[in-house]
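> Here you go, this is model00.txt (compact mmCIF, C-alpha atoms and all ligand atoms).
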```
# COMPACT_ATOMS: atom_id res chain seq x y z
CA ALA A 1 -15.28 -3.85 13.14
CA GLU A 2 -12.65 -6.29 11.95
CA VAL A 3 -9.59 -5.06 10.09
CA VAL A 4 -10.03 -6.22 6.50
CA GLY A 5 -7.23 -8.34 5.05
CA GLY A 6 -4.70 -9.89 7.38
CA GLY A 7 -4.77 -10.03 11.12
CA ASP A 8 -4.13 -7.08 13.37
CA LYS A 9 -0.70 -8.43 14.20
CA GLU A 10 0.69 -8.34 10.66
CA VAL A 11 -0.71 -4.85 10.11
CA VAL A 12 0.79 -3.64 13.39
CA LYS A 13 4.17 -5.21 12.64
CA ASP A 14 4.30 -3.62 9.21
CA TYR A 15 3.30 -0.24 10.64
CA PHE A 16 5.98 -0.30 13.34
CA ASN A 17 8.67 -1.28 10.84
CA ASN A 18 7.80 1.63 8.55
CA SER A 19 5.80 4.85 9.05
CA GLY A 20 4.98 3.96 12.65
CA PHE A 21 8.65 3.52 13.41
CA GLN A 22 9.48 7.00 12.10
CA ARG A 23 6.56 8.53 13.96
CA TRP A 24 7.09 6.85 17.33
CA LYS A 25 10.87 7.15 17.29
CA LYS A 26 10.31 10.90 17.12
CA ILE A 27 7.62 10.95 19.82
CA TYR A 28 9.71 8.80 22.17
CA GLY A 29 12.89 10.76 21.40
CA GLU A 30 14.06 14.16 22.51
CA THR A 31 14.26 16.17 19.30
CA ASP A 32 12.23 19.35 18.70
CA ASP A 33 10.65 18.27 15.40
CA VAL A 34 7.38 17.21 16.98
CA ASN A 35 4.05 18.98 16.72
CA ARG A 36 1.91 20.02 19.67
CA VAL A 37 -0.05 16.76 19.78
CA GLN A 38 3.08 14.64 19.53
CA LYS A 39 4.74 16.67 22.27
CA ASP A 40 1.74 16.07 24.51
CA ILE A 41 1.81 12.31 23.83
CA ARG A 42 5.56 12.32 24.57
CA LEU A 43 4.83 13.89 27.94
CA GLY A 44 2.00 11.47 28.77
CA HIS A 45 4.08 8.46 27.83
CA ALA A 46 7.03 9.71 29.91
CA LYS A 47 4.64 9.87 32.88
CA THR A 48 3.60 6.26 32.27
CA VAL A 49 7.25 5.17 32.27
CA GLU A 50 7.90 7.18 35.43
CA ASN A 51 4.86 5.72 37.23
CA THR A 52 5.88 2.22 36.16
CA ILE A 53 9.36 2.66 37.63
CA LYS A 54 7.73 3.96 40.82
CA MET A 55 5.41 0.94 41.03
CA LEU A 56 8.33 -1.40 40.41
CA THR A 57 10.64 0.12 43.03
CA ASP A 58 7.93 0.84 45.61
CA GLU A 59 8.61 -2.07 47.92
CA SER A 60 12.10 -3.25 47.00
CA PRO A 61 14.93 -2.24 44.69
CA LEU A 62 15.24 -3.69 41.19
CA ARG A 63 18.89 -4.65 41.39
CA GLY A 64 19.30 -8.20 40.08
CA VAL A 65 15.58 -8.63 39.37
CA THR A 66 14.72 -10.22 36.00
CA VAL A 67 12.32 -8.09 33.98
CA CYS A 68 10.72 -8.88 30.63
CA ASP A 69 9.79 -5.71 28.71
CA ALA A 70 7.37 -7.04 26.08
CA GLY A 71 6.86 -4.66 23.14
CA CYS A 72 9.82 -2.55 24.25
CA GLY A 73 9.60 0.03 21.44
CA THR A 74 12.69 2.25 21.42
CA GLY A 75 13.66 1.24 24.95
CA SER A 76 11.94 4.02 26.93
CA LEU A 77 11.38 1.64 29.84
CA SER A 78 14.14 -0.92 29.33
CA ILE A 79 16.91 1.68 29.65
CA PRO A 80 15.79 3.18 32.98
CA LEU A 81 15.14 -0.36 34.26
CA ALA A 82 18.74 -1.28 33.42
CA LYS A 83 19.91 1.87 35.22
CA GLU A 84 18.06 0.59 38.29
CA GLY A 85 20.11 -2.60 38.07
CA ALA A 86 17.41 -4.89 36.65
CA ILE A 87 18.36 -7.78 34.35
CA VAL A 88 16.21 -6.79 31.37
CA SER A 89 14.98 -8.94 28.48
CA ALA A 90 13.54 -6.53 25.93
CA SER A 91 11.64 -7.64 22.85
CA ASP A 92 9.40 -6.19 20.18
CA ILE A 93 7.57 -7.44 17.10
CA SER A 94 9.28 -4.69 15.06
CA ALA A 95 12.93 -5.25 14.07
CA ALA A 96 13.28 -1.49 13.45
CA MET A 97 12.17 -0.73 17.00
CA VAL A 98 14.50 -3.32 18.50
CA ALA A 99 17.47 -1.96 16.53
CA GLU A 100 16.73 1.56 17.75
CA ALA A 101 16.28 0.39 21.35
CA GLU A 102 19.60 -1.44 21.23
CA LYS A 103 21.37 1.63 19.82
CA GLN A 104 19.82 3.88 22.48
CA ALA A 105 20.69 1.45 25.27
CA LYS A 106 24.35 1.26 24.24
CA GLU A 107 24.58 5.04 23.92
CA GLN A 108 22.86 5.82 27.18
CA LEU A 109 24.12 2.97 29.35
CA LEU A 110 27.71 2.70 28.20
CA ALA A 111 28.37 6.44 27.80
CA GLY A 112 27.65 7.40 31.37
CA LYS A 113 28.63 4.10 32.93
CA ASP A 114 31.24 5.70 35.17
CA ASP A 115 28.46 7.64 36.93
CA LEU A 116 26.52 4.47 37.63
CA LEU A 117 28.23 2.10 40.00
CA PRO A 118 28.00 -0.80 39.64
CA ALA A 119 27.76 -0.54 35.84
CA PRO A 120 24.30 -1.46 34.48
CA VAL A 121 23.71 -4.72 32.66
CA ILE A 122 22.83 -3.93 29.02
CA PRO A 123 19.37 -5.36 28.27
CA LYS A 124 19.16 -8.47 26.12
CA PHE A 125 17.27 -7.50 22.94
CA GLU A 126 15.22 -9.79 20.75
CA VAL A 127 12.84 -9.40 17.80
CA SER A 128 9.74 -11.34 18.81
CA ASP A 129 6.02 -10.93 19.14
CA LEU A 130 5.08 -11.23 22.78
CA GLU A 131 2.88 -14.25 22.06
CA SER A 132 6.03 -16.26 21.19
CA LEU A 133 8.08 -15.29 24.25
CA GLU A 134 9.18 -18.10 26.53
CA GLY A 135 10.87 -18.41 29.89
CA LYS A 136 10.20 -17.08 33.36
CA TYR A 137 10.81 -13.61 34.70
CA HIS A 138 10.34 -12.15 38.16
CA THR A 139 8.47 -9.24 36.57
CA VAL A 140 6.80 -8.79 33.18
CA VAL A 141 5.89 -5.34 31.85
CA CYS A 142 3.91 -4.49 28.73
CA LEU A 143 3.29 -0.79 28.16
CA ASP A 144 1.05 0.77 25.50
CA VAL A 145 0.88 -2.37 23.35
CA LEU A 146 -2.67 -3.61 23.99
CA ILE A 147 -4.01 -0.46 22.30
CA HIS A 148 -3.18 -2.15 18.98
CA TYR A 149 -5.42 -5.17 19.62
CA PRO A 150 -9.12 -5.82 20.23
CA GLN A 151 -10.13 -7.33 23.58
CA SER A 152 -10.63 -10.75 21.94
CA LYS A 153 -6.88 -10.83 21.19
CA ALA A 154 -5.86 -8.97 24.34
CA ASP A 155 -7.28 -11.77 26.53
CA GLY A 156 -4.80 -14.29 25.11
CA MET A 157 -1.94 -11.81 25.25
CA ILE A 158 -2.61 -11.05 28.92
CA ALA A 159 -2.81 -14.77 29.73
CA HIS A 160 0.49 -15.43 27.99
CA LEU A 161 2.25 -12.50 29.68
CA ALA A 162 1.01 -13.74 33.07
CA SER A 163 2.40 -17.22 32.31
CA LEU A 164 5.87 -15.69 31.88
CA ALA A 165 5.72 -13.81 35.20
CA GLU A 166 6.61 -15.28 38.57
CA LYS A 167 5.69 -12.37 40.83
CA ARG A 168 4.03 -9.52 38.98
CA LEU A 169 2.75 -8.20 35.70
CA ILE A 170 2.39 -4.53 34.82
CA LEU A 171 0.16 -3.51 31.94
CA SER A 172 -0.91 -0.19 30.50
CA PHE A 173 -3.87 0.32 28.20
CA ALA A 174 -6.13 3.07 26.91
CA PRO A 175 -9.30 2.99 29.02
CA LYS A 176 -12.64 2.63 27.33
CA THR A 177 -14.15 5.33 29.50
CA PHE A 178 -12.67 7.90 27.19
CA TYR A 179 -13.95 6.23 24.06
CA TYR A 180 -15.78 9.14 22.52
CA ASP A 181 -13.17 11.58 23.59
CA LEU A 182 -10.48 9.51 22.02
CA LEU A 183 -12.44 8.79 18.86
CA LYS A 184 -12.50 12.47 18.15
CA ARG A 185 -8.75 12.57 18.47
CA VAL A 186 -7.86 9.32 16.78
CA GLY A 187 -7.36 11.17 13.52
CA GLU A 188 -4.62 13.14 15.18
CA LEU A 189 -3.08 10.11 16.82
CA PHE A 190 -2.74 8.21 13.55
CA PRO A 191 -2.68 10.78 10.76
CA GLY A 192 -2.16 10.23 7.05
CA PRO A 193 -1.15 6.88 5.58
CA SER A 194 -0.41 5.43 9.02
CA LYS A 195 -4.19 5.23 9.51
CA ALA A 196 -3.60 1.54 8.64
CA THR A 197 -3.52 0.98 12.39
CA ARG A 198 -6.36 1.80 14.68
CA ALA A 199 -6.60 2.28 18.39
CA TYR A 200 -8.51 -0.21 20.52
CA LEU A 201 -9.68 0.81 23.97
CA HIS A 202 -10.08 -1.66 26.81
CA SER A 203 -12.34 -1.48 29.81
CA GLU A 204 -10.63 -2.06 33.13
CA ALA A 205 -13.26 -4.70 33.94
CA ASP A 206 -12.32 -6.69 30.81
CA VAL A 207 -8.61 -6.53 31.64
CA GLU A 208 -9.36 -7.57 35.21
CA ARG A 209 -11.48 -10.50 34.00
CA ALA A 210 -8.69 -11.67 31.67
CA LEU A 211 -6.28 -11.63 34.62
CA GLN A 212 -8.73 -13.43 36.93
CA LYS A 213 -9.28 -16.17 34.37
CA VAL A 214 -5.60 -17.15 34.73
CA GLY A 215 -5.50 -16.74 38.50
CA TRP A 216 -4.16 -13.21 38.82
CA LYS A 217 -5.53 -10.17 40.64
CA ILE A 218 -4.90 -6.44 40.38
CA ARG A 219 -2.98 -5.04 43.32
CA LYS A 220 -2.25 -1.47 42.26
CA ARG A 221 -3.86 0.89 39.80
CA GLY A 222 -2.69 4.11 38.25
CA PHE A 223 -4.08 6.55 35.74
CA ILE A 224 -2.10 8.84 33.50
CA THR A 225 -3.59 11.59 31.42
CA THR A 226 -2.55 14.59 29.41
CA GLN A 227 -4.57 16.32 26.73
CA PHE A 228 -4.09 13.64 24.04
CA TYR A 229 -2.81 10.68 26.01
CA PHE A 230 -4.79 8.40 28.33
CA ALA A 231 -3.50 5.30 30.04
CA LYS A 232 -4.51 3.03 32.86
CA LEU A 233 -1.66 1.28 34.57
CA VAL A 234 -2.27 -1.90 36.56
CA GLU A 235 0.01 -4.10 38.59
CA ALA A 236 -1.22 -7.67 38.89
CA VAL A 237 0.02 -10.49 41.13
CA PRO A 238 -0.92 -14.16 41.49
CA ALA A 239 -4.24 -14.33 43.36
N1 LIG B 1 6.30 -0.31 25.24
C1 LIG B 1 6.98 0.76 24.53
C2 LIG B 1 6.89 2.03 25.29
O1 LIG B 1 5.96 2.19 26.08
O2 LIG B 1 7.75 2.90 25.10
C3 LIG B 1 6.47 0.93 23.09
C4 LIG B 1 4.99 1.28 22.93
S1 LIG B 1 4.50 1.45 21.22
C5 LIG B 1 3.04 2.43 21.26
C6 LIG B 1 3.86 -0.16 20.86
C7 LIG B 1 4.95 -1.18 20.56
O3 LIG B 1 4.40 -2.48 20.62
C8 LIG B 1 5.61 -1.04 19.20
O4 LIG B 1 7.01 -0.97 19.34
C9 LIG B 1 5.17 -2.30 18.47
O5 LIG B 1 6.09 -2.75 17.52
C10 LIG B 1 4.99 -3.27 19.61
N2 LIG B 1 4.09 -4.40 19.36
C11 LIG B 1 2.88 -4.38 18.78
N3 LIG B 1 2.33 -5.60 18.77
C12 LIG B 1 3.21 -6.43 19.39
C13 LIG B 1 3.20 -7.82 19.69
N4 LIG B 1 2.18 -8.59 19.35
N5 LIG B 1 4.28 -8.35 20.31
C14 LIG B 1 5.33 -7.55 20.63
N6 LIG B 1 5.39 -6.23 20.37
C15 LIG B 1 4.34 -5.67 19.76
```
Would it be possible to restate this file's structure as structure tokens?

Amino acid sequence: AEVVGGGDKEVVKDYFNNSGFQRWKKIYGETDDVNRVQKDIRLGHAKTVENTIKMLTDESPLRGVTVCDAGCGTGSLSIPLAKEGAIVSASDISAAMVAEAEKQAKEQLLAGKDDLLPAPVIPKFEVSDLESLEGKYHTVVCLDVLIHYPQSKADGMIAHLASLAEKRLILSFAPKTFYYDLLKRVGELFPGPSKATRAYLHSEADVERALQKVGWKIRKRGFITTQFYFAKLVEAVPA
């Protein structure tokens, strides 16, 4: 079903500048004021970040590598990437998210900089939807963003992200396999007024097809699950 009134993108942007910002800042943070479901999602998401870092450092270190973190949220990935020595360009459609990510990055990267030698390069932050991003990066990463868009939109987003990447593209998405399971839980994922957003699931075959259409192939696959969090992680490279 189509979202009535306005495209998905405007709805998503509004959500992540308001109630969604409050909700996800808490989930992605470290404070204790989260409920059981939120705590579980926090854990699942942390695993996705950890697996992504593993995928990215598997064959060679990240020092000096340019990485675009599209839809960076509060910086959960950008900050550890910077700690690994990557030159990070972080962006998000939500100005609130970008401001929080920038604050977190300065706190976490400058505070302990004496322990990290050489000192990490602070990511470059920008408010932008990923569709408008330009430039070339060795690596492009986009975690847990596609869930906000139907496959018809995701195709174009995947194609654009691939066009920004020279060597590899890492994507995470909620797999369609768990559709019914997730449906049951969607009420808990987006409770109350924030129901304005909905979760879209993507089949791995559809994501793979979108990549193939622009000349990319999947090289590595990962799967992360906790009780309330499901994500497929794929690393794609030019075919
Ligand atoms: N990638 C981050 C992470 O894994 O920690 C954040 C994930 S959060 C569930 C989804 C993020 O995608 C939000 O910060 C939201 O503002 C952002 N977003 C949604 N649509 C976007 C778009 N079209 N372009 C850029 N960012 C977008």
> Which chain A residues have any atom within 6 Å of an atom of ligand LIG 1 (chain B), and for each, what is the nearest pair of atoms with distance in Å to one decimal, counting all atoms listed in the file, rows sorted by chain and number, as a tab-separated table?

```
residue	atom	partner	partner_atom	distance
A:Lys9	CA	B:LIG1	N4	5.9
A:Val12	CA	B:LIG1	C11	5.8
A:Lys13	CA	B:LIG1	O5	5.8
A:Phe16	CA	B:LIG1	O5	4.8
A:Ala70	CA	B:LIG1	C14	5.8
A:Gly71	CA	B:LIG1	N6	3.5
A:Cys72	CA	B:LIG1	N1	4.3
A:Gly73	CA	B:LIG1	O4	3.5
A:Ser76	CA	B:LIG1	O2	4.7
A:Asp92	CA	B:LIG1	N6	4.0
A:Ile93	CA	B:LIG1	N6	4.1
A:Ser94	CA	B:LIG1	O5	4.5
A:Met97	CA	B:LIG1	O4	5.7
A:Asp129	CA	B:LIG1	N5	3.3
A:Leu130	CA	B:LIG1	N5	3.9
A:Cys142	CA	B:LIG1	N1	5.9
A:Leu143	CA	B:LIG1	N1	4.2
A:Asp144	CA	B:LIG1	C4	4.7
A:Val145	CA	B:LIG1	O3	4.5
```
> Could you check which of A:Gln104, A:Ser163, A:Arg221, A:Arg63 is closest to Glu30 (chain A), using all atoms listed in the file?
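Checking each candidate against Glu30 (chain A), we get A:Gln104 as the closest.
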> I'd like to know which of A:Thr139, A:Gln22, A:Thr225, A:Ser78 is closest to Pro120 (chain A), using all atoms listed in the file.
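The answer is A:Ser78, which sits nearest to Pro120 (chain A).
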> I'd like the interatomic distance between CA of Val65 (chain A) and CA of Ile87 (chain A), to a tenth of an Å.
5.8 Å
> Quick one: of A:Leu164, A:Val237, A:Ala231, A:Ile122, who's nearest to His45 (chain A), counting only C-alpha atoms?
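Residue with the minimum atom-to-atom distance to His45 (chain A): A:Ala231.
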> For Asp14 (chain A), which residue out of A:Ala96, A:Leu81, A:Trp216, A:Thr66 is the nearest one, using all atoms listed in the file?
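Checking each of A:Ala96, A:Leu81, A:Trp216, A:Thr66 against Asp14 (chain A), counting all atoms listed in the file, the winner is A:Ala96.
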